[in-house]
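So the structure is just underneath, and the comments pick up after that.
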Amino acid sequence: MAKQTPRSLSAIQQWMQAVITHPAGVSMGADSDEARRHVDVGAEHLESVIRRSKALTSAERLEVYADAYYLRLLDCLRSEFPALLYALGQEAFDEHAVGYLQAYPSQSYTLGFLGKSFPDYLRETRPADIPGGPEEPNWPEFLIDLAALERTYAEVFDGPGIETSPQLTGDDLATVMRDHLATARLEMAPCFRLVRFSFPVHEYASAVRHEESPEPPEPRETLLAVTRLHFVVRRFELTPVQFSLLTSLERESTVQEAVEEVGQSLSDEEFGQFAGSIGDWFSAWTANGFFAQVR
Amino acid sequence: MNLPRLGHPNLGLGVGLRSVHFSHILEHHPSVDWFEIISENYMDSGGRARYVLEKIAERYPIVMHGVSLSVGSTDPLNRDYLDRLKRLAGHVDAKWISDHLCWTGVAGRNSHDLLPIPLNEETLAHVCERIRIVQDILERPIVLENPSSYVTFADSTMNEWDFLAAMTDETDCGLLLDVNNVYVSSVNHDFDPNEYLDGIPFDRVVQCHLAGHTNCQTHLIDTHDNHVVHPVWELYRRAHASTGGISTLLEWDANIPEFPVVHAEVLKARRYMRDGLDEIELASEDDTPIETAPSSTTSAVPHPATFVAVDAE
Ligand SMILES: [Fe+2]
């Protein structure tokens, strides 16, 4: 029988947290080293810390908290990563998610950060690559890309945007193109992100959202701009040239510098096409809220 | 003698603001008296949630209700969190700021649950000291709610109602009396909910919460996913009479019905504001709880902070 010694609030809290967050349940939690380090009663003597009720034992009462802990956070992760959930199926998704919650328990006052490191966790725990070597993207790579895309969506969705602040207009753009090409820098919208993937995960994620039961796609170098318009996350697939141009603009090159930088890597014929398209691209990007303002 | 409700107004009958109702509220401007927000869902948002809140705050009184203060924890208080809370309160002109008598985690972690503390002189002193710090930072009294709980501690030497009374007496904080939580805890911990109300200093009660719960036969779980049950309405009747009128808020967080259904639920409170009503008048079809007993594969899970899903193309 464990001896009754005065227990500090801190010891009780660390003990209870260890017990109710143990992935194998209350009994294993109470017997774990972590729990016993704070309050040294095993699963047999829970009543010396937690009283029983008329209807439930001490362990059963603690199980209400233990059951809810993972289920609550799994619910949140399933909502944040619906396409990853679909790709993996719930059982495999939950297995990864429980592992993640143990490796990266929430340390924030908000659930908004809960999924922040999920893509990192999947990267760290990915199985060794199947034959074909690192150049051949495979299933784990697809899952990691999908998780990274969905995390990007979450950040773009709730982060700062341009709905209530001024955004670059077509007239602003026309002035830049006509008079200030050499000096103007375009400030990207705060919700704008450039991301690169090995699979067209954006199409897969949209298909899941539209309940189209997609098959996993073939690998394909995928370059995306992700932003938010009227509080809805939008994504645009880019050509390598467009991606380079936007990357250069994001690094605060002037419009002219960005065009020249990209132009250097093009043949004369390609440059002709590029030069002929730039105007249309900038108009579309402006209309789609890529830019906040001219600087 | 203290002013009733710490001098706060009786805001009337309000509803907890949830994202599924955003469009309805912006479009129809329902005649609800006030809204309560989950502070953590808005304090960092630069997106739709924050935009909608600001629109709604132009028309309705807003009260901020938090789930991460963790006033009972032995971890240090999070100064950055408190600063953000205070900033949001300024932006939306929050009538008051509330949270729970609980801890949410320790050693830097957050369980995102509202965990109970042992109730004794040592923990009372600990909580009171932290309430004073919080009130200094926020520059206003904090309002604390009695949580639903599922365990009691061998180290407890006080009843929850005595603890709350002493806590508010020592710190001048306000109380948010959740009559559903009183009922849930009374079943889970085998006490008489009326004895609980006997011990409440009603002049310190700033607000009431109403909600539904899940009956698991051996215990109740505070799931906020259903209509308010009759015994809870009876506790509300007493609370209303004892406070002389009180800001009343309905929480509905899972299986959330259309806004008019949620609004109609809180309007039922009017029936309990007068004494001596016939039971017959109180019985009505829409009191029937929606069947939400947990199935074998899913358990009843309280979600103190609701998670907002992304809108993406
Ligand atoms: Fe409540």
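Chain labels follow the order of the structure tokens: the first chain is A, the next B, and so on; residue numbering restarts at 1 in every chain, and ligands are counted from 1 in their shown order.
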Enumerate as a PyMOL selection string the residues belonging to chain B that approach chain A to within 8 Å, with only C-alpha atoms taken into account.
chain B and resi 40-41+44-49+68-69+73-74+81+105-113+117-118+123+150-155+188-190+218-219+299-303+305+307+309-313
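With a cut-off of 8 Å and using only C-alpha atoms and all ligand atoms, the polymer residues contacting ligand 1 are Glu145, Asn146, Pro147, Leu176, Leu177, Asp178, Asn180, Asn181, His209, Leu210, Ala211 and Glu251 of chain B.
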Go through segment 65-285 of chain A and collect every residue that DSSP, computed from the backbone, puts in strand (DSSP E); the answer should be as a count of residues only.
22
Could you pull out the helix (DSSP H, G or I) residues of segment 22-249 of chain B from DSSP and send them as a PyMOL selection string?
chain B and resi 22-28+39-41+48-59+79-92+121-138+160-171+179-188+193-198+202-204+230-243
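Between Glu270 of chain A and the candidates A:Ala147, A:Val98, A:Val241, A:Gly170, the tightest atom-to-atom separation, counting only C-alpha atoms, involves A:Val241.
Around Pro166 of chain A, within 10 Å and counting only C-alpha atoms, the residues found are Ala189, Phe291, Ala292 and Gln293 of chain A, once anything fewer than 5 positions away on its own chain is removed.
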Residue selection dump (C-alpha atoms) as a short mmCIF file (atom, residue, chain, number, x, y, z; two decimals), in the first residue's frame:
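Saved the output as out_14.cif:
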data_model
loop_
_atom_site.label_atom_id
_atom_site.label_comp_id
_atom_site.auth_asym_id
_atom_site.auth_seq_id
_atom_site.Cartn_x
_atom_site.Cartn_y
_atom_site.Cartn_z
CA ALA A 189 -0.25 39.53 -49.86
CA PHE A 291 -0.10 41.27 -54.25
CA ALA A 292 -0.83 43.67 -51.42
CA GLN A 293 0.71 46.85 -52.76
#
Name all residues at most 8 Å from Asn120 of chain B (count only C-alpha atoms; drop same-chain ones fewer than 5 positions away) and give them as a PyMOL selection string.
chain B and resi 155-158+163
